[in-house]
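So this one's protein.tsv, TSV, C-alpha atoms:
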chain	number	residue	atom	x	y	z
A	290	MET	CA	-53.00	84.21	-254.00
A	291	PHE	CA	-53.07	80.81	-255.62
A	292	LEU	CA	-53.46	77.14	-254.69
A	293	ILE	CA	-52.12	74.19	-256.63
A	294	PHE	CA	-54.18	71.06	-257.23
A	295	ILE	CA	-52.51	67.92	-258.55
A	296	VAL	CA	-55.04	66.43	-260.97
A	297	ASN	CA	-54.10	63.25	-262.85
A	298	GLY	CA	-50.44	63.93	-262.08
A	299	GLU	CA	-50.51	67.49	-263.45
A	300	ASP	CA	-50.24	70.71	-261.43
A	301	VAL	CA	-53.22	73.03	-261.86
A	302	GLU	CA	-52.68	76.51	-260.43
A	303	VAL	CA	-55.89	78.21	-259.32
A	304	SER	CA	-55.95	81.94	-258.57
A	305	THR	CA	-58.23	82.72	-255.67
A	306	ASP	CA	-58.82	85.00	-252.73
A	307	SER	CA	-59.01	84.28	-249.02
A	308	GLU	CA	-62.82	84.26	-248.91
A	309	ALA	CA	-63.32	81.61	-251.62
A	310	SER	CA	-64.54	78.22	-250.43
A	311	LEU	CA	-62.44	75.16	-251.11
A	312	GLU	CA	-65.46	73.75	-252.97
A	313	TRP	CA	-65.43	76.70	-255.39
A	314	ILE	CA	-61.68	76.36	-255.88
A	315	ARG	CA	-62.00	72.58	-256.48
A	316	ASP	CA	-64.64	73.23	-259.15
A	317	LYS	CA	-62.40	75.83	-260.82
A	318	ALA	CA	-59.45	73.40	-260.80
A	319	LEU	CA	-61.60	70.78	-262.50
A	320	ARG	CA	-62.66	73.25	-265.21
A	321	LEU	CA	-59.07	74.42	-265.76
A	322	SER	CA	-57.86	70.81	-266.08
A	323	HIS	CA	-60.76	69.92	-268.42
A	324	ASN	CA	-62.04	67.26	-266.00
A	325	THR	CA	-65.73	68.05	-266.40
A	326	GLY	CA	-67.06	64.62	-267.37
A	327	ARG	CA	-67.86	63.67	-263.77
A	328	PRO	CA	-69.76	65.73	-261.18
A	329	PRO	CA	-67.48	67.78	-258.89
A	330	GLY	CA	-68.84	65.82	-255.90
A	331	ASP	CA	-67.20	62.68	-257.32
A	332	TRP	CA	-63.80	64.24	-256.58
A	333	GLU	CA	-62.10	64.47	-253.20
A	334	VAL	CA	-59.47	66.88	-251.93
A	335	ARG	CA	-56.53	65.61	-249.90
A	336	ASP	CA	-53.53	67.42	-248.51
A	337	LEU	CA	-50.00	66.32	-249.34
A	338	ASP	CA	-50.03	63.97	-246.34
A	339	GLY	CA	-53.05	62.19	-247.84
A	340	GLN	CA	-55.53	63.52	-245.26
A	341	LEU	CA	-59.05	63.95	-246.67
A	342	ILE	CA	-60.44	67.47	-246.38
A	343	GLU	CA	-64.12	66.80	-245.78
A	344	ASP	CA	-65.61	70.26	-245.25
A	345	LEU	CA	-65.12	71.98	-248.58
A	346	SER	CA	-67.48	74.79	-247.57
A	347	LYS	CA	-64.70	76.37	-245.50
A	348	THR	CA	-62.85	79.32	-246.97
A	349	VAL	CA	-59.14	79.69	-247.59
A	350	SER	CA	-58.87	82.00	-244.56
A	351	GLU	CA	-60.87	79.63	-242.31
A	352	LEU	CA	-58.52	76.80	-243.23
A	353	GLY	CA	-55.45	78.99	-242.72
A	354	LEU	CA	-54.10	78.19	-246.19
A	355	ILE	CA	-51.13	80.03	-247.62
A	356	SER	CA	-50.48	80.94	-251.22
A	357	GLY	CA	-48.90	78.04	-253.08
A	358	ALA	CA	-50.44	75.34	-250.87
A	359	ARG	CA	-50.74	72.02	-252.75
A	360	PHE	CA	-53.51	69.43	-252.75
A	361	PHE	CA	-54.39	66.20	-254.50
A	362	LEU	CA	-57.69	66.15	-256.39
A	363	THR	CA	-58.74	62.57	-257.13
A	364	LEU	CA	-61.88	60.65	-257.97
A	365	ARG	CA	-63.57	59.05	-254.99
A	366	VAL	CA	-63.30	55.30	-254.66
A	367	GLY	CA	-66.62	53.51	-255.18
A	368	ALA	CA	-68.49	51.78	-252.38
A	369	GLY	CA	-68.56	48.35	-254.02
A	370	GLY	CA	-71.84	48.85	-255.86
A	371	ASP	CA	-74.08	49.15	-252.80
A	372	GLU	CA	-76.23	52.27	-252.65

Structure re-expressed in structure tokens:
Amino acid sequence: MFLIFIVNGEDVEVSTDSEASLEWIRDKALRLSHNTGRPPGDWEVRDLDGQLIEDLSKTVSELGLISGARFFLTLRVGAGGDE
């Protein structure tokens, strides 16, 4: 099975299995796309409708994902400098 992450406008195909967490798959997509300059937590995963997927600890099977599902992987927007 594989998932596709759109990173900086490029498709990144990640081979996975149904018990892998979305967090693990996100990290693999970042490595494959050579986007390792920022911590993985600085990136967010959204579905093709733009909905944020907040719980990345869930597995492919828990989320009911099918092979070939596509997601956007983008840097989080800053909070205006307030910490």

Between CA of His323 (chain A) and CA of Val303 (chain A) lies a distance of 13.2 Å

#### Entry: Test item: residues at most 6 Å from Ile293 (chain A), all atoms listed in the file, excluding those fewer than 4 positions along its chain, as a PyMOL selection string
chain A and resi 301-302+359

- Task: Can you work out which one of A:Leu362, A:Leu321, A:Leu292, A:Leu354 has the shortest atom-to-atom distance to Gln340 (chain A), counting all atoms listed in the file?
- Result: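 The shortest atom-to-atom distance to Gln340 (chain A) comes from A:Leu362.
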
Nearest to Phe294 (chain A), restricted to only C-alpha atoms and choosing among A:Gly330, A:Thr325, A:Arg320, A:Glu308, comes out as A:Arg320

Next item on the list: Just the residues within 12 Å of Ser310 (chain A), please, counting only C-alpha atoms, with nothing from its chain fewer than 4 positions along; format it as a list in words.
Entry: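 My reading of the contact set: Leu292, Thr305, Asp306, Ile314, Arg315, Asp316, Lys317, Asp344, Leu345, Ser346, Lys347, Thr348, Val349, Ser350, Glu351, Leu352, Gly353 and Leu354 of chain A.
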
task = Measure the distance from CA of Ala358 (chain A) to CA of Trp332 (chain A) in Å and round it to one decimal.
result =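 Answer for the CA of Ala358 (chain A) to CA of Trp332 (chain A) separation: 18.3 Å.
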
Here CA of Met290 (chain A) and CA of Ser356 (chain A) stand apart by 5.0 Å

Item to check | Near-Arg335 (chain A) list (9 Å; all atoms listed in the file; drop same-chain fewer than 4 positions) as an MDAnalysis selection string | outcome: chainID A and resid 339:343 360:363

Starting from 6 Å padding per side, set up an axis-aligned box that covers all listed atoms of region 339-348 of chain A and hand over centre and edge lengths in Å, one decimal, as JSON.
{"center_x": -60.3, "center_y": 70.8, "center_z": -246.9, "size_x": 26.4, "size_y": 29.1, "size_z": 15.3}
